[in-house]
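The structure appears right after this line, and notes come after that.
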Amino acid sequence: MFKINNNYLKLPGSYLFSTIGKKINAFQAENQDKKIIRLGIGDVTQPLAPAIIESLHRAVDEMGDAATFKGYAPDLGYDFLRNAIVNGDYRSRGCDISADEIFVSDGAKCDSGNIQEIFSVNNKIAVCDPVYPVYVDTNVMAGRTGTYDSITETWSDVIYMPCVAENNFAPELPKETPDIIYLCFPNNPTGSTIIKSQLQEWVDYANKVGAVIIYDAAYEAYISEEDVPHSIYACEGARTCAIELRSFSKNAGFTGVRLGFTVIPKDIKCGDTTLHSLWTRRHGTKYNGAPYIIQRAGEAVYSEVGKVQLKAQVAYYMNNAKVIYEGLKVAGYTVSGGVNAPYIWLKTPKQMTSWEFFDYLLEKANVVGTPGSGFGPSGEGYFRLTAFGTYENTVEAIERIKKL
Ligand code: MLT
């Protein structure tokens, strides 16, 4: 008789955004006349930039011609994309990363979930609280998190680093020493960030205690302030302790196209073994590469005209962030984020729990957001709104909230 992976049974509830999706559908079924505005999941609304569309068209035509047709992609990614990434994201920022340290994939969500496979089950992870649920859930599936306490909503073998108003939503170095540290800046869900000297402290700490940092930089395109690092490799010593996850979803609108990459410097070693060699083995065995046409679309992100168009797209969303941030402030809410990130983090009013506020906003304003507690216990009493809606919907949502 087959046996299942019992770790899956330990997972409480369903995936956060699936739970929210079900709630919205139930509400809409009962209120068909209501126009719901969705500022919950961080999904983009603007169409792909013209430079990307042109590149896609060209690549599709190549696939229809025997002379230029492509079969399996190289499992680690086409050189044209890996070189564009290295030049566009790293060398241009003075970061020492080479093309063969880039692993192209179909998105950062998969990579952030899969990367834990190359580590022993005995490693102890440290996460920010609140946190993107994928980091914790995938470690639960792997059997790395111990037992769940439904009262505190925490796992016995996970180190939580609270990110709350008192510390400006920035984690402090943990008292207990972790083996793997998940960091995400600009942060999902709080929209906060840290400056380079703060990130340098993390890199120094990881090198000192022999930990690996898994650094999720999916939102780096939204950084507007000078001193905020776009990559962990801006810090000295990061090549020996940090893996970086990057996405094309938020900077280029690829949520439905799917493309991302992971950077693993060859200098991160456990004894004589490099993490680079393990991920190469994993990628080669389990992955056949992101599609050629999608990688060509990704290449266009780094073209001169693509960069100009995407800068305008990011500015469009950041204008929404401003509308939300300022509108909520006027309405008397306590708000943060939204300056270097497309997420606005607000304190729920009148001591409401995060889910109470979710229901209240859905019923009274027909606006969807994400309950802070869905990201971890320290998110209780908070709520996240995304700037990825259309401008018109964003303005209308804030007007509705102001009238409550
Ligand atoms: C979010 O809303 O937190 C993100 O869209 C989720 C994701 O990028 O997978």
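Ordering of the structure tokens sets the chain letters (A, B, ...); residue numbers start at 1 within each chain; ligands are numbered from 1 in the order shown.
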
Write out as number ranges by chain each polymer residue (protein, DNA or RNA) that has an atom no more than 10 Å from ligand 1, with only C-alpha atoms and all ligand atoms counted. A: 16-17, 39-44, 107-110, 112, 131-134, 187-189, 218-219, 247, 249-250, 255, 343, 369-370, 375, 384-386, 388

Kindly export the residues of the current selection with N, CA and C atoms, as a short mmCIF file (atom, residue, chain, number, x, y, z; two decimals), in the first residue's frame.
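Here's the written file part-v9.cif:
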```
data_model
loop_
_atom_site.label_atom_id
_atom_site.label_comp_id
_atom_site.auth_asym_id
_atom_site.auth_seq_id
_atom_site.Cartn_x
_atom_site.Cartn_y
_atom_site.Cartn_z
N LEU A 16 -2.66 30.69 1.25
CA LEU A 16 -3.32 31.96 1.59
C LEU A 16 -4.15 32.53 0.44
N PHE A 17 -3.54 32.60 -0.76
CA PHE A 17 -4.25 33.27 -1.86
C PHE A 17 -5.36 32.39 -2.44
N LEU A 39 -7.41 44.26 -4.70
CA LEU A 39 -6.07 44.76 -4.38
C LEU A 39 -5.43 43.78 -3.39
N GLY A 40 -5.71 42.49 -3.63
CA GLY A 40 -5.22 41.44 -2.74
C GLY A 40 -3.92 40.85 -3.25
N ILE A 41 -4.01 39.81 -4.05
CA ILE A 41 -2.79 39.17 -4.55
C ILE A 41 -2.00 40.16 -5.42
N GLY A 42 -0.69 40.07 -5.34
CA GLY A 42 0.16 41.01 -6.09
C GLY A 42 0.27 40.64 -7.55
N ASP A 43 -0.89 40.66 -8.24
CA ASP A 43 -0.88 40.31 -9.66
C ASP A 43 -1.02 41.58 -10.50
N VAL A 44 -0.23 41.66 -11.54
CA VAL A 44 -0.17 42.88 -12.35
C VAL A 44 -1.40 43.03 -13.25
N GLY A 107 10.02 31.02 -12.84
CA GLY A 107 9.48 31.97 -11.86
C GLY A 107 10.09 31.82 -10.49
N ALA A 108 10.03 32.91 -9.73
CA ALA A 108 10.65 32.93 -8.42
C ALA A 108 9.85 32.16 -7.37
N LYS A 109 8.55 32.01 -7.60
CA LYS A 109 7.78 31.24 -6.61
C LYS A 109 8.28 29.80 -6.57
N CYS A 110 8.44 29.19 -7.77
CA CYS A 110 8.93 27.81 -7.82
C CYS A 110 10.32 27.72 -7.21
N SER A 112 11.76 29.69 -5.05
CA SER A 112 11.80 29.92 -3.60
C SER A 112 11.25 28.71 -2.85
N VAL A 131 5.68 36.87 6.69
CA VAL A 131 6.55 36.38 5.62
C VAL A 131 5.72 35.82 4.47
N TYR A 132 6.28 35.84 3.27
CA TYR A 132 5.69 35.19 2.10
C TYR A 132 5.51 33.70 2.43
N PRO A 133 4.28 33.19 2.40
CA PRO A 133 4.02 31.86 2.97
C PRO A 133 4.77 30.70 2.29
N VAL A 134 5.20 30.89 1.06
CA VAL A 134 5.86 29.80 0.33
C VAL A 134 7.13 29.31 1.05
N ASN A 187 10.29 44.34 0.93
CA ASN A 187 9.62 43.23 1.56
C ASN A 187 8.19 43.00 1.09
N ASN A 188 7.91 41.74 0.87
CA ASN A 188 6.55 41.26 0.77
C ASN A 188 6.30 40.50 2.07
N PRO A 189 5.35 40.90 2.90
CA PRO A 189 4.21 41.75 2.59
C PRO A 189 4.29 43.20 3.07
N ALA A 218 12.58 39.99 -5.54
CA ALA A 218 11.58 40.06 -6.62
C ALA A 218 11.07 41.48 -6.86
N TYR A 219 11.19 42.34 -5.85
CA TYR A 219 10.59 43.67 -5.97
C TYR A 219 11.63 44.79 -6.15
N SER A 247 12.70 37.72 -10.18
CA SER A 247 11.47 37.42 -10.91
C SER A 247 11.29 38.43 -12.04
N SER A 249 8.11 38.86 -12.91
CA SER A 249 6.67 39.08 -12.74
C SER A 249 6.34 40.52 -12.42
N LYS A 250 7.08 41.10 -11.50
CA LYS A 250 6.68 42.40 -10.98
C LYS A 250 7.34 43.54 -11.75
N THR A 255 3.56 37.81 -14.74
CA THR A 255 2.89 36.85 -13.83
C THR A 255 2.21 35.73 -14.62
N TYR A 343 3.68 47.44 -2.24
CA TYR A 343 2.75 47.03 -1.18
C TYR A 343 2.62 48.10 -0.11
N GLY A 369 -8.32 42.98 -0.03
CA GLY A 369 -6.91 43.13 0.33
C GLY A 369 -6.43 41.80 0.89
N THR A 370 -5.27 41.80 1.53
CA THR A 370 -4.75 40.56 2.10
C THR A 370 -4.56 40.74 3.61
N PHE A 375 0.16 36.06 6.73
CA PHE A 375 1.61 36.00 6.49
C PHE A 375 2.38 35.61 7.75
N ARG A 384 -2.67 44.19 4.00
CA ARG A 384 -1.84 44.61 2.86
C ARG A 384 -2.71 44.97 1.66
N LEU A 385 -2.39 46.11 1.05
CA LEU A 385 -3.02 46.47 -0.23
C LEU A 385 -1.93 46.54 -1.29
N THR A 386 -2.26 46.08 -2.49
CA THR A 386 -1.26 46.11 -3.56
C THR A 386 -1.52 47.28 -4.51
N PHE A 388 -0.80 47.06 -7.64
CA PHE A 388 -0.80 46.48 -8.99
C PHE A 388 -2.14 46.56 -9.72
#
```

Got a sec: who's within 8 Å of segment 311-316 of chain A, counting only C-alpha atoms, leaving out chain neighbours fewer than 3 positions off, as a list in words?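 Here the answer would be Gln46, Ala221, Tyr222, Asn251, Ala252, Lys307, Val308, Asn319, Asn320 and Tyr391 of chain A.
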
Can I get the selected residues back with N, CA and C atoms, as an mmCIF file, in the first residue's frame?
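After the write, part-v4.cif holds the following:
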```
data_model
loop_
_atom_site.group_PDB
_atom_site.id
_atom_site.type_symbol
_atom_site.label_atom_id
_atom_site.label_comp_id
_atom_site.auth_asym_id
_atom_site.auth_seq_id
_atom_site.Cartn_x
_atom_site.Cartn_y
_atom_site.Cartn_z
ATOM 1 N N GLN A 46 -1.243 45.722 -15.981
ATOM 2 C CA GLN A 46 -0.879 46.408 -17.221
ATOM 3 C C GLN A 46 -0.389 45.404 -18.265
ATOM 4 N N ALA A 221 12.842 46.326 -8.563
ATOM 5 C CA ALA A 221 12.567 47.391 -9.556
ATOM 6 C C ALA A 221 11.805 48.557 -8.934
ATOM 7 N N TYR A 222 11.227 48.330 -7.752
ATOM 8 C CA TYR A 222 10.408 49.372 -7.113
ATOM 9 C C TYR A 222 11.207 50.256 -6.167
ATOM 10 N N ASN A 251 8.566 43.341 -12.229
ATOM 11 C CA ASN A 251 9.238 44.432 -12.960
ATOM 12 C C ASN A 251 8.805 44.483 -14.421
ATOM 13 N N ALA A 252 8.264 43.365 -14.951
ATOM 14 C CA ALA A 252 7.955 43.338 -16.384
ATOM 15 C C ALA A 252 6.585 42.735 -16.681
ATOM 16 N N LYS A 307 13.812 48.860 -21.361
ATOM 17 C CA LYS A 307 14.070 49.480 -20.044
ATOM 18 C C LYS A 307 13.239 50.754 -19.869
ATOM 19 N N VAL A 308 13.162 51.552 -20.945
ATOM 20 C CA VAL A 308 12.394 52.802 -20.871
ATOM 21 C C VAL A 308 10.910 52.485 -20.639
ATOM 22 N N ASN A 319 2.705 55.168 -8.727
ATOM 23 C CA ASN A 319 1.736 56.253 -8.564
ATOM 24 C C ASN A 319 0.495 55.717 -7.833
ATOM 25 N N ASN A 320 0.097 54.491 -8.169
ATOM 26 C CA ASN A 320 -1.005 53.860 -7.427
ATOM 27 C C ASN A 320 -0.653 53.733 -5.943
ATOM 28 N N TYR A 391 -5.077 52.221 -12.358
ATOM 29 C CA TYR A 391 -5.156 53.522 -11.670
ATOM 30 C C TYR A 391 -6.613 53.816 -11.289
#
```

Secondary structure check, strand (DSSP E or B) residues of segment 56-117 of chain A, as a PyMOL selection string: chain A and resi 102-105

Atom CA of Ile52 of chain A to atom CA of Val104 of chain A, distance in Å rounded to a single decimal: 17.4 Å

When DSSP is applied to the backbone of this structure, which of segment 126-374 of chain A are assigned helix (DSSP H, G or I)? Write them out as a ChimeraX atom specification. /A:133-142,165-167,196-209,220-222,232-234,238-240,249-252,275-286,292-301,304-330,349-351,354-365,372-374

For Ile53 of chain A, the closest of A:Gly306, A:Pro74, A:Gly374, A:Gly143 counting only C-alpha atoms is A:Gly306

Can you pull out the residues contacting Glu226 of chain A? Cut-off 12 Å, using only C-alpha atoms, and skip same-chain residues under 4 positions away; I want them as a list of chain:residue names.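 With the cut-off at 12 Å, the set is A:Thr193, A:Ile194, A:Ile195, A:Lys196, A:Tyr222, A:His230, A:Val339, A:Asn340.
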
Segment 287-298 of chain A surroundings by only C-alpha atoms, 8 Å radius, close-in-sequence under 6 positions cut, as a list in words: Ile52, Ile53, Ser55, Leu56, Ala59, Val60, Lys70, Tyr72, Ala73, Pro74, Asp75, Leu76, Gly77, Tyr78, Leu81, Val104, Ser105, Asp106, Phe248, Val257, Arg258 and Leu259 of chain A

Segment 120-152 of chain A near segment 156-166 of chain A within 8 Å: what's each residue's closest atom pair and its distance in Å to one decimal, counting only C-alpha atoms, ordered by chain then ascending residue number, as a tab-separated table?
```
residue	atom	partner	partner_atom	distance
A:Lys124	CA	A:Val158	CA	6.5
A:Ile125	CA	A:Val158	CA	5.6
A:Ala126	CA	A:Ile159	CA	4.4
A:Val127	CA	A:Tyr160	CA	5.3
A:Cys128	CA	A:Met161	CA	4.6
A:Asp129	CA	A:Pro162	CA	4.6
A:Pro130	CA	A:Cys163	CA	6.6
A:Arg144	CA	A:Asp157	CA	7.3
A:Thr145	CA	A:Asp157	CA	4.7
A:Gly146	CA	A:Asp157	CA	4.9
A:Thr147	CA	A:Ser156	CA	5.3
A:Tyr148	CA	A:Ser156	CA	6.4
A:Asp149	CA	A:Ser156	CA	7.4
```

Option closest in space to Tyr333 of chain A, from A:Val136, A:Leu362, A:Ile398, A:Val212 [counting only C-alpha atoms]: A:Ile398

Mind pulling up the distance from atom CA of Ile24 of chain A to atom CA of Pro349 of chain A?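 Interatomic distance, atom CA of Pro349 of chain A to atom CA of Ile24 of chain A: 21.5 Å.
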
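Each of A:Thr68, A:Thr394, A:Asn168, A:Gln28 was compared to Gly337 of chain A using only C-alpha atoms, and A:Asn168 turns out to be the nearest.
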
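The coordinates place atom CA of Glu172 of chain A at 18.7 Å from atom CA of Ala217 of chain A.
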
With distances taken over only C-alpha atoms, which of A:Lys269, A:Arg282, A:Lys403, A:Lys350 is nearest to Val330 of chain A? A:Lys403
